[in-house]
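**Q** You'll find my_file_30.pdb just under this line, and it carries PDB, C-alpha atoms.
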MODEL        1
ATOM      1  CA  MET A  11      47.989 253.655  97.862  1.00  0.00           C
ATOM      2  CA  PRO A  12      49.500 252.862 100.375  1.00  0.00           C
ATOM      3  CA  HIS A  13      50.685 249.460  99.272  1.00  0.00           C
ATOM      4  CA  VAL A  14      52.714 247.371 101.702  1.00  0.00           C
ATOM      5  CA  VAL A  15      54.726 244.315 100.700  1.00  0.00           C
ATOM      6  CA  ILE A  16      56.191 242.189 103.473  1.00  0.00           C
ATOM      7  CA  GLN A  17      58.906 239.683 102.610  1.00  0.00           C
ATOM      8  CA  TYR A  18      60.048 237.363 105.359  1.00  0.00           C
ATOM      9  CA  THR A  19      62.269 234.342 105.811  1.00  0.00           C
ATOM     10  CA  ALA A  20      60.269 231.137 105.645  1.00  0.00           C
ATOM     11  CA  ASN A  21      61.636 230.038 109.030  1.00  0.00           C
ATOM     12  CA  LEU A  22      59.084 232.435 110.576  1.00  0.00           C
ATOM     13  CA  GLU A  23      56.123 230.730 108.914  1.00  0.00           C
ATOM     14  CA  ALA A  24      55.321 228.409 111.830  1.00  0.00           C
ATOM     15  CA  GLU A  25      55.848 231.063 114.512  1.00  0.00           C
ATOM     16  CA  ALA A  26      54.355 234.252 113.111  1.00  0.00           C
ATOM     17  CA  ASP A  27      50.739 235.004 112.265  1.00  0.00           C
ATOM     18  CA  MET A  28      51.513 236.860 109.045  1.00  0.00           C
ATOM     19  CA  GLY A  29      47.834 237.311 108.193  1.00  0.00           C
ATOM     20  CA  GLY A  30      47.419 238.976 111.576  1.00  0.00           C
ATOM     21  CA  LEU A  31      50.383 241.233 110.843  1.00  0.00           C
ATOM     22  CA  CYS A  32      48.826 242.243 107.510  1.00  0.00           C
ATOM     23  CA  ARG A  33      45.524 243.136 109.178  1.00  0.00           C
ATOM     24  CA  SER A  34      47.302 244.981 111.992  1.00  0.00           C
ATOM     25  CA  LEU A  35      49.449 247.091 109.661  1.00  0.00           C
ATOM     26  CA  ALA A  36      46.442 247.873 107.466  1.00  0.00           C
ATOM     27  CA  ALA A  37      44.602 249.131 110.548  1.00  0.00           C
ATOM     28  CA  VAL A  38      47.603 251.301 111.464  1.00  0.00           C
ATOM     29  CA  LEU A  39      47.616 252.857 107.983  1.00  0.00           C
ATOM     30  CA  VAL A  40      43.870 253.483 107.917  1.00  0.00           C
ATOM     31  CA  ALA A  41      44.082 255.196 111.326  1.00  0.00           C
ATOM     32  CA  GLN A  42      46.809 257.686 110.296  1.00  0.00           C
ATOM     33  CA  LYS A  43      45.853 261.375 110.233  1.00  0.00           C
ATOM     34  CA  ASP A  44      47.717 264.348 108.821  1.00  0.00           C
ATOM     35  CA  GLY A  45      48.499 267.530 110.750  1.00  0.00           C
ATOM     36  CA  ALA A  46      44.986 268.879 110.053  1.00  0.00           C
ATOM     37  CA  GLY A  47      43.285 265.690 111.289  1.00  0.00           C
ATOM     38  CA  ARG A  48      42.382 264.380 107.811  1.00  0.00           C
ATOM     39  CA  LYS A  49      42.941 260.759 106.773  1.00  0.00           C
ATOM     40  CA  LEU A  50      46.533 260.436 105.615  1.00  0.00           C
ATOM     41  CA  PHE A  51      45.817 257.468 103.312  1.00  0.00           C
ATOM     42  CA  PRO A  52      42.654 256.356 101.491  1.00  0.00           C
ATOM     43  CA  THR A  53      41.015 253.327 103.088  1.00  0.00           C
ATOM     44  CA  GLY A  54      40.095 251.818  99.713  1.00  0.00           C
ATOM     45  CA  GLY A  55      43.685 252.082  98.484  1.00  0.00           C
ATOM     46  CA  THR A  56      45.262 250.330 101.452  1.00  0.00           C
ATOM     47  CA  ARG A  57      46.840 246.982 100.556  1.00  0.00           C
ATOM     48  CA  VAL A  58      49.089 244.797 102.711  1.00  0.00           C
ATOM     49  CA  LEU A  59      50.553 241.591 101.282  1.00  0.00           C
ATOM     50  CA  ALA A  60      53.068 239.144 102.793  1.00  0.00           C
ATOM     51  CA  TYR A  61      55.312 236.601 101.070  1.00  0.00           C
ATOM     52  CA  PRO A  62      57.698 234.050 102.588  1.00  0.00           C
ATOM     53  CA  ALA A  63      61.155 233.753 101.045  1.00  0.00           C
ATOM     54  CA  VAL A  64      61.765 230.045 100.708  1.00  0.00           C
ATOM     55  CA  HIS A  65      65.412 230.577  99.793  1.00  0.00           C
ATOM     56  CA  TYR A  66      67.437 232.950 101.954  1.00  0.00           C
ATOM     57  CA  ALA A  67      70.687 233.586 103.785  1.00  0.00           C
ATOM     58  CA  VAL A  68      70.777 235.958 106.744  1.00  0.00           C
ATOM     59  CA  ALA A  69      73.980 237.387 108.212  1.00  0.00           C
ATOM     60  CA  ASP A  70      76.726 234.743 108.397  1.00  0.00           C
ATOM     61  CA  ASP A  71      74.164 231.921 108.123  1.00  0.00           C
ATOM     62  CA  ALA A  72      75.665 230.375 111.286  1.00  0.00           C
ATOM     63  CA  ASP A  73      72.253 230.128 112.961  1.00  0.00           C
ATOM     64  CA  ASP A  74      68.610 229.987 111.914  1.00  0.00           C
ATOM     65  CA  TYR A  75      68.350 233.781 111.761  1.00  0.00           C
ATOM     66  CA  ALA A  76      65.115 235.387 110.612  1.00  0.00           C
ATOM     67  CA  PHE A  77      64.422 238.578 108.692  1.00  0.00           C
ATOM     68  CA  VAL A  78      61.375 240.664 107.809  1.00  0.00           C
ATOM     69  CA  TYR A  79      61.429 243.386 105.153  1.00  0.00           C
ATOM     70  CA  ILE A  80      58.450 245.731 105.035  1.00  0.00           C
ATOM     71  CA  ASN A  81      58.254 248.033 102.018  1.00  0.00           C
ATOM     72  CA  VAL A  82      55.594 250.738 102.048  1.00  0.00           C
ATOM     73  CA  ARG A  83      54.903 252.466  98.740  1.00  0.00           C
ATOM     74  CA  ILE A  84      52.950 255.718  98.872  1.00  0.00           C
ATOM     75  CA  ALA A  85      51.955 258.359  96.353  1.00  0.00           C
ATOM     76  CA  ALA A  86      53.597 261.768  96.602  1.00  0.00           C
ATOM     77  CA  GLY A  87      52.095 264.599  98.594  1.00  0.00           C
ATOM     78  CA  ARG A  88      52.546 263.829 102.283  1.00  0.00           C
ATOM     79  CA  SER A  89      54.810 265.875 104.512  1.00  0.00           C
ATOM     80  CA  GLU A  90      58.067 264.482 105.852  1.00  0.00           C
ATOM     81  CA  GLU A  91      56.589 264.698 109.350  1.00  0.00           C
ATOM     82  CA  ASP A  92      53.506 262.682 108.331  1.00  0.00           C
ATOM     83  CA  ARG A  93      55.648 260.056 106.571  1.00  0.00           C
ATOM     84  CA  LYS A  94      57.849 259.712 109.656  1.00  0.00           C
ATOM     85  CA  LYS A  95      54.844 259.445 111.966  1.00  0.00           C
ATOM     86  CA  ALA A  96      53.295 256.750 109.769  1.00  0.00           C
ATOM     87  CA  GLY A  97      56.616 254.881 109.529  1.00  0.00           C
ATOM     88  CA  ASP A  98      57.118 255.002 113.279  1.00  0.00           C
ATOM     89  CA  ALA A  99      53.570 253.701 113.850  1.00  0.00           C
ATOM     90  CA  LEU A 100      54.063 250.855 111.362  1.00  0.00           C
ATOM     91  CA  LEU A 101      57.438 249.877 112.836  1.00  0.00           C
ATOM     92  CA  ASP A 102      55.938 249.965 116.320  1.00  0.00           C
ATOM     93  CA  GLY A 103      53.133 247.669 115.119  1.00  0.00           C
ATOM     94  CA  ALA A 104      55.650 245.249 113.608  1.00  0.00           C
ATOM     95  CA  LYS A 105      57.784 245.291 116.767  1.00  0.00           C
ATOM     96  CA  LYS A 106      54.742 244.491 118.907  1.00  0.00           C
ATOM     97  CA  HIS A 107      53.698 241.708 116.555  1.00  0.00           C
ATOM     98  CA  PHE A 108      57.123 240.054 116.609  1.00  0.00           C
ATOM     99  CA  ALA A 109      57.925 240.707 120.307  1.00  0.00           C
ATOM    100  CA  PRO A 110      57.238 237.108 121.445  1.00  0.00           C
ATOM    101  CA  ILE A 111      59.428 235.757 118.633  1.00  0.00           C
ATOM    102  CA  PHE A 112      62.095 238.424 119.196  1.00  0.00           C
ATOM    103  CA  ASP A 113      62.523 237.116 122.743  1.00  0.00           C
ATOM    104  CA  LYS A 114      63.165 233.545 121.462  1.00  0.00           C
ATOM    105  CA  ARG A 115      65.289 233.940 118.332  1.00  0.00           C
ATOM    106  CA  HIS A 116      67.458 236.377 116.383  1.00  0.00           C
ATOM    107  CA  ILE A 117      65.393 238.418 113.948  1.00  0.00           C
ATOM    108  CA  GLY A 118      65.947 241.578 111.943  1.00  0.00           C
ATOM    109  CA  ILE A 119      63.103 243.873 110.911  1.00  0.00           C
ATOM    110  CA  THR A 120      63.500 246.615 108.300  1.00  0.00           C
ATOM    111  CA  LEU A 121      60.742 249.006 107.252  1.00  0.00           C
ATOM    112  CA  GLN A 122      61.169 251.454 104.378  1.00  0.00           C
ATOM    113  CA  ILE A 123      58.736 253.944 102.904  1.00  0.00           C
ATOM    114  CA  ASP A 124      59.129 254.733  99.206  1.00  0.00           C
ATOM    115  CA  GLU A 125      57.347 257.726  97.747  1.00  0.00           C
ATOM    116  CA  SER A 126      56.561 257.647  94.047  1.00  0.00           C
ATOM    117  CA  PRO A 127      56.657 261.289  92.889  1.00  0.00           C
ATOM    118  CA  GLY A 128      57.194 260.799  89.156  1.00  0.00           C
ATOM    119  CA  GLN A 129      55.500 257.612  88.178  1.00  0.00           C
ATOM    120  CA  VAL A 130      55.753 256.883  84.495  1.00  0.00           C
ATOM    121  CA  TYR A 131      52.545 254.889  84.502  1.00  0.00           C
ATOM    122  CA  ASP A 132      50.047 254.394  87.319  1.00  0.00           C
ATOM    123  CA  GLY A 133      47.157 252.304  86.040  1.00  0.00           C
ATOM    124  CA  LYS A 134      44.288 251.483  88.377  1.00  0.00           C
ATOM    125  CA  HIS A 135      41.002 249.647  88.169  1.00  0.00           C
ATOM    126  CA  SER A 136      38.995 249.292  91.375  1.00  0.00           C
ATOM    127  CA  ASN A 137      35.494 249.331  92.745  1.00  0.00           C
ATOM    128  CA  LEU A 138      36.763 249.534  96.349  1.00  0.00           C
ATOM    129  CA  HIS A 139      37.089 253.324  96.714  1.00  0.00           C
ATOM    130  CA  PRO A 140      33.359 254.041  96.331  1.00  0.00           C
ATOM    131  CA  LEU A 141      32.693 251.850  99.367  1.00  0.00           C
ATOM    132  CA  PHE A 142      34.586 254.296 101.573  1.00  0.00           C
ATOM    133  CA  ASN A 143      33.812 257.632  99.860  1.00  0.00           C
ATOM    134  CA  LYS A 144      30.308 257.946 101.301  1.00  0.00           C
TER     135      LYS A 144
ENDMDL
END
Take the structure in the file and write it out as structure tokens.
**A**
Amino acid sequence: MPHVVIQYTANLEAEADMGGLCRSLAAVLVAQKDGAGRKLFPTGGTRVLAYPAVHYAVADDADDYAFVYINVRIAAGRSEEDRKKAGDALLDGAKKHFAPIFDKRHIGITLQIDESPGQVYDGKHSNLHPLFNK
């Protein structure tokens, strides 16, 4: 972890470089440090995925409104201060990414961080972590 899932209204598909947003937010996560200067999140566990919502209704549906929902799921163990700092950095990255679109149309952006303290099952299978644990 962290795993990021971005859901967005399909009316943004032609205007927004969602692959670029994924890469940008991944870079933000990988760059985060805790209060002692250690990496806040493992590089090999960082995942950012984006999906357009083909069917949607935003607000009163009176205009072609757009919406982006960014859900960040992290494992337990980070301080409230570190979570807030990471959330602020991610939201800032999303705001910068959508700034040109924000100036042309109505768009809402929500970012939430969910911490999973008591997972019932957390199965993993990966050969990515060894690449970054050298």
**Q** Quick one: apply the PyMOL selection byres ((chain A and resi 123) around 10) to the file and drop the selected residues here as a list in words.
**A**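 Output of the PyMOL selection byres ((chain A and resi 123) around 10): Pro12, His13, Val14, Ile80, Asn81, Val82, Arg83, Ile84, Arg93, Lys94, Ala96, Gly97, Leu121, Gln122, Asp124, Glu125 and Ser126 of chain A.
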**Q** Of the residues A:Ala69, A:Val78, A:Ala46, A:Met11, which is the one nearest to Met28 (chain A), using all atoms listed in the file?
**A**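 Checking each candidate against Met28 (chain A), we get A:Val78 as the closest.
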**Q** Between region 19-92 of chain A and region 99-120 of chain A, at 9 Å or less, what are the per-residue closest atom pairs and their distances in Å? Count only C-alpha atoms, order by chain and rising residue number, and return it as CSV.
**A**
residue,atom,partner,partner_atom,distance
A:Leu22,CA,A:Ile111,CA,8.7
A:Glu25,CA,A:Ile111,CA,7.2
A:Ala26,CA,A:Phe108,CA,7.3
A:Asp27,CA,A:His107,CA,8.5
A:Gly30,CA,A:His107,CA,8.5
A:Leu31,CA,A:His107,CA,6.6
A:Ser34,CA,A:Gly103,CA,7.1
A:Leu35,CA,A:Leu100,CA,6.2
A:Val38,CA,A:Leu100,CA,6.5
A:Leu39,CA,A:Leu100,CA,7.5
A:Gln42,CA,A:Ala99,CA,8.6
A:Asp73,CA,A:His116,CA,8.6
A:Asp74,CA,A:His116,CA,7.9
A:Tyr75,CA,A:His116,CA,5.4
A:Ala76,CA,A:Ile117,CA,4.5
A:Phe77,CA,A:Gly118,CA,4.7
A:Val78,CA,A:Ile119,CA,4.8
A:Tyr79,CA,A:Thr120,CA,5.0
A:Ile80,CA,A:Thr120,CA,6.1
A:Asn81,CA,A:Thr120,CA,8.3
**Q** How would you write, as a ChimeraX atom specification, the residues chosen by the PyMOL selection byres ((chain A and resi 49) around 12) on this structure?
**A** /A:38-48,50-54,56,88,92,96,142-143
**Q** Give me the result of the PyMOL selection byres ((chain A and resi 66) around 10) on this file, residue by residue, as a ChimeraX atom specification.
**A** /A:18-21,62-65,67-68,71,75-77
**Q** Suppose you want the space between CA of Lys95 (chain A) and CA of Ala36 (chain A); what is it in Å?
**A**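 CA of Ala36 (chain A) lies at a distance of 15.0 Å from CA of Lys95 (chain A).
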**Q** Using all atoms listed in the file, find the one residue out of A:Asp70, A:Gly55, A:Asp98, A:Glu91 that sits nearest to Asn137 (chain A).
**A**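 Once distances to Asn137 (chain A) are computed over all atoms listed in the file, the minimum belongs to A:Gly55.
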**Q** For the atom pair CA of Ala60 (chain A) and CA of Ala24 (chain A), what is the interatomic distance in Å to one decimal place?
**A**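 Between CA of Ala60 (chain A) and CA of Ala24 (chain A) the gap works out to 14.2 Å.
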**Q** Distance CA of Gln17 (chain A)-CA of Cys32 (chain A), one decimal place?
**A** 11.5 Å
